[in-house]
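Listing of start_31.pdb, PDB, C-alpha atoms, pLDDT in the B column
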```pdb
ATOM      1  CA  MET A 174     113.403 162.936  41.518  1.00 35.00           C
ATOM      2  CA  LYS A 175     115.606 160.595  39.478  1.00 41.00           C
ATOM      3  CA  ASP A 176     114.306 157.257  38.274  1.00 42.00           C
ATOM      4  CA  ILE A 177     115.106 154.524  40.738  1.00 43.00           C
ATOM      5  CA  ASN A 178     117.073 151.676  39.174  1.00 46.00           C
ATOM      6  CA  ASN A 179     117.826 149.783  42.353  1.00 49.00           C
ATOM      7  CA  ASN A 180     115.658 146.658  42.364  1.00 46.00           C
ATOM      8  CA  PHE A 181     117.201 144.862  45.320  1.00 55.00           C
ATOM      9  CA  ILE A 182     114.879 146.216  48.008  1.00 58.00           C
ATOM     10  CA  ASN A 183     113.060 143.369  49.705  1.00 50.00           C
ATOM     11  CA  THR A 184     109.458 144.255  48.976  1.00 50.00           C
ATOM     12  CA  LYS A 185     106.644 142.102  47.629  1.00 48.00           C
ATOM     13  CA  ASN A 186     105.685 144.641  44.972  1.00 55.00           C
ATOM     14  CA  LYS A 187     108.019 147.032  43.204  1.00 60.00           C
ATOM     15  CA  PRO A 188     107.461 150.421  44.866  1.00 62.00           C
ATOM     16  CA  ASN A 189     106.421 153.385  42.767  1.00 66.00           C
ATOM     17  CA  GLN A 190     108.578 156.492  42.598  1.00 65.00           C
ATOM     18  CA  ALA A 191     106.809 158.326  45.432  1.00 69.00           C
ATOM     19  CA  ASP A 192     107.251 155.379  47.798  1.00 81.00           C
ATOM     20  CA  TYR A 193     111.038 155.766  47.748  1.00 82.00           C
ATOM     21  CA  LEU A 194     110.897 158.899  49.896  1.00 85.00           C
ATOM     22  CA  GLU A 195     109.024 156.937  52.539  1.00 89.00           C
ATOM     23  CA  ILE A 196     111.317 153.927  52.117  1.00 89.00           C
ATOM     24  CA  SER A 197     114.410 156.107  52.560  1.00 91.00           C
ATOM     25  CA  GLN A 198     112.987 157.396  55.860  1.00 93.00           C
ATOM     26  CA  THR A 199     112.194 153.831  56.970  1.00 92.00           C
ATOM     27  CA  LEU A 200     115.745 152.724  56.151  1.00 94.00           C
ATOM     28  CA  ALA A 201     117.256 155.721  57.980  1.00 95.00           C
ATOM     29  CA  ASN A 202     115.086 155.086  61.053  1.00 94.00           C
ATOM     30  CA  PHE A 203     116.007 151.404  61.077  1.00 94.00           C
ATOM     31  CA  HIS A 204     119.719 152.151  60.696  1.00 94.00           C
ATOM     32  CA  ALA A 205     119.557 154.669  63.564  1.00 93.00           C
ATOM     33  CA  THR A 206     117.912 152.129  65.897  1.00 93.00           C
ATOM     34  CA  CYS A 207     120.671 149.616  65.148  1.00 91.00           C
ATOM     35  CA  PHE A 208     123.498 152.105  65.720  1.00 85.00           C
ATOM     36  CA  THR A 209     122.253 153.994  68.772  1.00 77.00           C
ATOM     37  CA  ASN A 210     125.741 154.459  70.256  1.00 70.00           C
ATOM     38  CA  SER A 211     127.396 155.564  67.048  1.00 66.00           C
ATOM     39  CA  LYS A 212     127.772 158.674  64.957  1.00 69.00           C
ATOM     40  CA  ASN A 213     127.977 156.444  61.877  1.00 72.00           C
ATOM     41  CA  ARG A 214     124.269 156.525  60.991  1.00 85.00           C
ATOM     42  CA  TYR A 215     122.783 157.228  57.582  1.00 91.00           C
ATOM     43  CA  SER A 216     120.170 159.945  57.128  1.00 92.00           C
ATOM     44  CA  LYS A 217     117.066 159.876  54.952  1.00 93.00           C
ATOM     45  CA  LYS A 218     119.007 161.863  52.342  1.00 94.00           C
ATOM     46  CA  SER A 219     121.833 159.302  52.358  1.00 94.00           C
ATOM     47  CA  MET A 220     119.401 156.414  52.054  1.00 93.00           C
ATOM     48  CA  LEU A 221     117.658 158.132  49.141  1.00 90.00           C
ATOM     49  CA  PHE A 222     121.061 158.511  47.458  1.00 91.00           C
ATOM     50  CA  PHE A 223     121.664 154.767  47.866  1.00 92.00           C
ATOM     51  CA  LEU A 224     118.207 154.041  46.423  1.00 88.00           C
ATOM     52  CA  GLU A 225     118.712 156.353  43.443  1.00 84.00           C
ATOM     53  CA  ASN A 226     122.138 155.025  42.547  1.00 86.00           C
ATOM     54  CA  PRO A 227     122.200 151.712  40.639  1.00 86.00           C
ATOM     55  CA  PHE A 228     125.701 150.957  41.979  1.00 91.00           C
ATOM     56  CA  TYR A 229     124.203 150.412  45.436  1.00 92.00           C
ATOM     57  CA  HIS A 230     122.302 147.220  46.178  1.00 92.00           C
ATOM     58  CA  ILE A 231     120.084 147.179  49.233  1.00 92.00           C
ATOM     59  CA  PHE A 232     118.963 144.116  51.165  1.00 92.00           C
ATOM     60  CA  TYR A 233     116.284 144.948  53.707  1.00 89.00           C
ATOM     61  CA  ASN A 234     113.552 143.369  55.763  1.00 86.00           C
ATOM     62  CA  GLN A 235     112.077 144.449  59.101  1.00 86.00           C
ATOM     63  CA  ILE A 236     114.969 142.964  61.108  1.00 91.00           C
ATOM     64  CA  SER A 237     118.055 143.517  58.962  1.00 93.00           C
ATOM     65  CA  LEU A 238     119.640 145.822  56.430  1.00 94.00           C
ATOM     66  CA  ALA A 239     122.718 145.680  54.244  1.00 95.00           C
ATOM     67  CA  ILE A 240     123.933 148.119  51.627  1.00 96.00           C
ATOM     68  CA  ILE A 241     126.643 147.190  49.167  1.00 95.00           C
ATOM     69  CA  GLN A 242     128.337 149.287  46.516  1.00 95.00           C
ATOM     70  CA  VAL A 243     129.141 147.390  43.339  1.00 94.00           C
ATOM     71  CA  THR A 244     131.726 148.349  40.746  1.00 90.00           C
ATOM     72  CA  SER A 245     133.222 146.377  37.881  1.00 86.00           C
ATOM     73  CA  GLU A 246     134.478 143.214  39.648  1.00 89.00           C
ATOM     74  CA  GLU A 247     134.454 144.404  43.257  1.00 95.00           C
ATOM     75  CA  ALA A 248     131.900 145.289  45.887  1.00 96.00           C
ATOM     76  CA  GLU A 249     132.075 146.988  49.258  1.00 97.00           C
ATOM     77  CA  LEU A 250     129.808 146.344  52.195  1.00 97.00           C
ATOM     78  CA  ILE A 251     128.773 149.846  53.228  1.00 96.00           C
ATOM     79  CA  THR A 252     126.685 148.829  56.226  1.00 95.00           C
ATOM     80  CA  LEU A 253     125.192 145.759  57.822  1.00 95.00           C
ATOM     81  CA  ALA A 254     122.641 146.076  60.594  1.00 94.00           C
ATOM     82  CA  VAL A 255     120.489 143.643  62.543  1.00 94.00           C
ATOM     83  CA  GLU A 256     117.797 144.747  64.982  1.00 93.00           C
ATOM     84  CA  SER A 257     119.196 144.427  68.521  1.00 89.00           C
ATOM     85  CA  LYS A 258     116.564 141.909  69.718  1.00 92.00           C
ATOM     86  CA  GLN A 259     117.312 139.673  66.709  1.00 90.00           C
ATOM     87  CA  ARG A 260     121.093 139.506  67.094  1.00 89.00           C
ATOM     88  CA  LYS A 261     122.956 136.266  67.782  1.00 88.00           C
ATOM     89  CA  LYS A 262     120.362 134.264  65.820  1.00 91.00           C
ATOM     90  CA  GLY A 263     122.348 133.827  62.587  1.00 92.00           C
ATOM     91  CA  ILE A 264     120.540 136.627  60.759  1.00 93.00           C
ATOM     92  CA  GLY A 265     123.685 138.614  59.948  1.00 93.00           C
ATOM     93  CA  CYS A 266     125.437 135.461  58.796  1.00 94.00           C
ATOM     94  CA  ASN A 267     122.513 134.511  56.532  1.00 92.00           C
ATOM     95  CA  LEU A 268     122.356 138.028  55.168  1.00 93.00           C
ATOM     96  CA  LEU A 269     126.069 137.957  54.297  1.00 94.00           C
ATOM     97  CA  LYS A 270     125.666 134.560  52.620  1.00 92.00           C
ATOM     98  CA  SER A 271     122.763 135.922  50.582  1.00 90.00           C
ATOM     99  CA  ILE A 272     124.856 138.912  49.532  1.00 93.00           C
ATOM    100  CA  ILE A 273     127.756 136.686  48.520  1.00 93.00           C
ATOM    101  CA  LEU A 274     125.461 134.512  46.392  1.00 91.00           C
ATOM    102  CA  HIS A 275     124.014 137.614  44.760  1.00 90.00           C
ATOM    103  CA  LEU A 276     127.485 139.003  44.044  1.00 92.00           C
ATOM    104  CA  GLU A 277     128.619 135.699  42.574  1.00 91.00           C
ATOM    105  CA  SER A 278     125.576 135.725  40.264  1.00 88.00           C
ATOM    106  CA  ILE A 279     126.668 139.097  38.839  1.00 89.00           C
ATOM    107  CA  ASP A 280     130.341 138.066  38.483  1.00 90.00           C
ATOM    108  CA  ILE A 281     131.800 140.090  41.343  1.00 92.00           C
ATOM    109  CA  LYS A 282     135.177 138.692  42.416  1.00 93.00           C
ATOM    110  CA  ASN A 283     135.841 140.384  45.787  1.00 95.00           C
ATOM    111  CA  LEU A 284     133.781 141.843  48.609  1.00 96.00           C
ATOM    112  CA  PHE A 285     135.486 144.356  50.901  1.00 97.00           C
ATOM    113  CA  LEU A 286     134.444 145.955  54.164  1.00 96.00           C
ATOM    114  CA  GLU A 287     135.790 148.112  56.961  1.00 95.00           C
ATOM    115  CA  VAL A 288     135.018 147.418  60.600  1.00 94.00           C
ATOM    116  CA  ALA A 289     136.140 149.111  63.803  1.00 91.00           C
ATOM    117  CA  VAL A 290     138.726 147.117  65.745  1.00 94.00           C
ATOM    118  CA  THR A 291     136.478 147.626  68.766  1.00 90.00           C
ATOM    119  CA  ASN A 292     133.488 145.912  67.106  1.00 90.00           C
ATOM    120  CA  LYS A 293     134.226 142.401  68.360  1.00 93.00           C
ATOM    121  CA  ILE A 294     130.787 140.995  67.470  1.00 91.00           C
ATOM    122  CA  ALA A 295     131.082 142.089  63.824  1.00 93.00           C
ATOM    123  CA  LEU A 296     134.667 140.833  63.615  1.00 96.00           C
ATOM    124  CA  LYS A 297     133.535 137.413  64.860  1.00 95.00           C
ATOM    125  CA  LEU A 298     130.735 137.349  62.273  1.00 95.00           C
ATOM    126  CA  TYR A 299     133.008 138.291  59.366  1.00 96.00           C
ATOM    127  CA  ASP A 300     135.575 135.726  60.441  1.00 95.00           C
ATOM    128  CA  LYS A 301     132.875 133.042  60.651  1.00 93.00           C
ATOM    129  CA  VAL A 302     131.710 133.800  57.094  1.00 93.00           C
ATOM    130  CA  GLY A 303     135.285 133.639  55.784  1.00 93.00           C
ATOM    131  CA  PHE A 304     136.506 137.219  55.456  1.00 96.00           C
ATOM    132  CA  ILE A 305     140.232 137.776  55.900  1.00 95.00           C
ATOM    133  CA  THR A 306     142.061 140.883  57.099  1.00 94.00           C
ATOM    134  CA  CYS A 307     143.913 142.724  54.355  1.00 92.00           C
ATOM    135  CA  GLY A 308     144.655 146.137  55.860  1.00 92.00           C
ATOM    136  CA  LEU A 309     144.247 148.698  58.634  1.00 92.00           C
ATOM    137  CA  ARG A 310     143.170 152.355  58.647  1.00 92.00           C
ATOM    138  CA  LYS A 311     144.498 154.195  61.679  1.00 91.00           C
ATOM    139  CA  GLY A 312     142.050 156.502  63.464  1.00 86.00           C
ATOM    140  CA  TYR A 313     139.306 155.906  60.885  1.00 85.00           C
ATOM    141  CA  TYR A 314     136.222 155.898  63.125  1.00 80.00           C
ATOM    142  CA  GLY A 315     135.238 158.726  65.465  1.00 71.00           C
ATOM    143  CA  GLN A 316     134.404 157.354  68.921  1.00 61.00           C
ATOM    144  CA  GLY A 317     133.377 160.497  70.746  1.00 61.00           C
ATOM    145  CA  THR A 318     135.377 163.482  71.897  1.00 60.00           C
ATOM    146  CA  ASN A 319     138.785 163.257  70.204  1.00 65.00           C
ATOM    147  CA  LYS A 320     138.723 159.456  70.327  1.00 75.00           C
ATOM    148  CA  LYS A 321     139.379 157.512  67.156  1.00 82.00           C
ATOM    149  CA  ALA A 322     139.208 153.790  66.490  1.00 85.00           C
ATOM    150  CA  ASP A 323     141.194 151.999  63.834  1.00 91.00           C
ATOM    151  CA  ALA A 324     139.358 150.234  61.025  1.00 93.00           C
ATOM    152  CA  ILE A 325     140.257 146.749  59.902  1.00 95.00           C
ATOM    153  CA  ILE A 326     139.871 146.242  56.156  1.00 95.00           C
ATOM    154  CA  MET A 327     138.625 142.764  55.295  1.00 96.00           C
ATOM    155  CA  THR A 328     137.981 140.933  52.041  1.00 95.00           C
ATOM    156  CA  TYR A 329     136.086 137.891  50.863  1.00 96.00           C
ATOM    157  CA  ALA A 330     137.173 136.273  47.585  1.00 94.00           C
ATOM    158  CA  ILE A 331     134.131 135.275  45.570  1.00 91.00           C
ATOM    159  CA  VAL A 332     135.287 132.493  43.313  1.00 76.00           C
ATOM    160  CA  THR A 333     132.864 130.241  41.486  1.00 58.00           C
ATOM    161  CA  GLY A 334     132.868 126.908  43.263  1.00 50.00           C
ATOM    162  CA  ILE A 335     134.147 128.233  46.581  1.00 50.00           C
ATOM    163  CA  THR A 336     130.695 129.575  47.320  1.00 49.00           C
ATOM    164  CA  LYS A 337     129.216 126.195  46.387  1.00 46.00           C
ATOM    165  CA  THR A 338     128.609 125.377  50.042  1.00 48.00           C
ATOM    166  CA  LEU A 339     126.424 128.467  50.303  1.00 53.00           C
ATOM    167  CA  LYS A 340     124.230 127.335  47.419  1.00 50.00           C
ATOM    168  CA  SER A 341     122.711 124.555  49.500  1.00 48.00           C
ATOM    169  CA  ASP A 342     121.203 127.305  51.661  1.00 54.00           C
ATOM    170  CA  LYS A 343     120.027 129.358  48.667  1.00 52.00           C
ATOM    171  CA  LYS A 344     116.295 128.600  48.985  1.00 54.00           C
ATOM    172  CA  LYS A 345     116.351 129.345  52.700  1.00 52.00           C
ATOM    173  CA  LEU A 346     118.229 132.590  52.053  1.00 51.00           C
ATOM    174  CA  GLN A 347     115.886 133.612  49.241  1.00 52.00           C
ATOM    175  CA  ASN A 348     112.965 133.305  51.640  1.00 53.00           C
ATOM    176  CA  LEU A 349     114.665 135.925  53.828  1.00 51.00           C
ATOM    177  CA  TYR A 350     115.821 138.135  50.953  1.00 49.00           C
ATOM    178  CA  PRO A 351     113.808 137.100  47.875  1.00 46.00           C
ATOM    179  CA  SER A 352     114.954 140.022  45.769  1.00 43.00           C
ATOM    180  CA  GLY A 353     118.705 139.437  46.305  1.00 40.00           C
TER
END
```
Would you mind writing the structure in this file as structure tokens?
Amino acid sequence: MKDINNNFINTKNKPNQADYLEISQTLANFHATCFTNSKNRYSKKSMLFFLENPFYHIFYNQISLAIIQVTSEEAELITLAVESKQRKKGIGCNLLKSIILHLESIDIKNLFLEVAVTNKIALKLYDKVGFITCGLRKGYYGQGTNKKADAIIMTYAIVTGITKTLKSDKKKLQNLYPSG
């Protein structure tokens, strides 16, 4: 197995190499429980790929998960999941704020994401955090037999100073995601 360079997993102690196989299964199981009505779930193999690749940063605790891909000056939110019983408590919002602070600290300028037009809860969350729509992908998501949903492409401009309001919450956020 490759050396793991991803140090953004929310664990108290840095896992050893063998633990990543177990962690990838845990992440896959968690993702599957959050997306029970979707075909867009990540397998253990996919999660291991994210763990092995230093371009992916993972924020995880027992009630939420986010995976971002980071390149040069941009990042993409690959997935964001909150346990169903914990939704509508501000957890997703706090997780996004934590991610934005982390991205600002590593000089990322823009965060992008894609979300199904039918995912009204996620759209409300992204709007609340300050994402803006910048595009549309027709028929991007499979929704069952021959059904396709469009994907809205959204972006968040990370500019030093604009995220200043988030910094007041930094200690609170670091308690949730101390490694981010």
| field | Atom-to-atom span, CA of Thr252 (chain A) and CA of Ile279 (chain A), Å | value | 19.9 Å
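Interatomic distance, CA of Leu253 (chain A) against CA of Leu269 (chain A): 8.6 Å.
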Region 210-231 of chain A residues near region 190-205 of chain A within 8 Å, closest pair each, using all atoms listed in the file, as a Markdown table:
```
| residue | atom | partner | partner_atom | distance |
| --- | --- | --- | --- | --- |
| A:Arg214 | CA | A:Ala205 | CA | 5.7 |
| A:Tyr215 | CA | A:Ala201 | CA | 5.7 |
| A:Ser216 | CA | A:Ala201 | CA | 5.2 |
| A:Lys217 | CA | A:Gln198 | CA | 4.9 |
| A:Lys218 | CA | A:Ser197 | CA | 7.4 |
| A:Met220 | CA | A:Ser197 | CA | 5.0 |
| A:Leu221 | CA | A:Ser197 | CA | 5.1 |
| A:Leu224 | CA | A:Tyr193 | CA | 7.5 |
```
| Residues picked by the PyMOL selection byres ((chain A and resi 301-318) around 9) here, as a PyMOL selection string? | chain A and resi 211-213+266+269-270+284-285+287-289+296-300+319-330
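The protein and nucleic acid residues lying at most 6 Å from region 237-243 of chain A are Phe228, Tyr229, His230, Ile231, Phe232, Tyr233, Asn234, Ala248, Glu249, Leu250, Ile251, Thr252, Leu253, Ala254 and Val255 of chain A, with only C-alpha atoms considered and sequence neighbours fewer than 2 positions away removed.
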With 8 Å of padding per side, what axis-aligned box (centre and edge lengths, Å, one decimal) covers all the listed atoms of region 283-289 of chain A? Give it as JSON.
```
{"center_x": 135.0, "center_y": 144.7, "center_z": 54.8, "size_x": 18.4, "size_y": 24.7, "size_z": 34.0}
```
| To one decimal place, how far is CA of Lys282 (chain A) from CA of Val332 (chain A) in Å? | 6.3 Å
| task | I would like the residues chosen by the PyMOL selection byres ((chain A and resi 258) around 12) on the shown file; could you give them as a PyMOL selection string? | result | chain A and resi 206-207+235-237+254-257+259-262+264
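Between Leu276 (chain A) and the residues A:Thr244, A:Asn210, A:Ser219, A:Asn226, the shortest atom-to-atom distance, using all atoms listed in the file, involves A:Thr244.
Closest approach to Glu277 (chain A) among A:Thr209, A:Val290, A:Ile331, A:Gly263 is made by A:Ile331 (distances from all atoms listed in the file).
Shown here are all protein and nucleic acid residues lying within 6 Å of (133.9, 139.5, 42.5), with all atoms listed in the file considered: A:Glu246, A:Glu247, A:Asp280, A:Ile281, A:Lys282, A:Asn283, A:Ile331.
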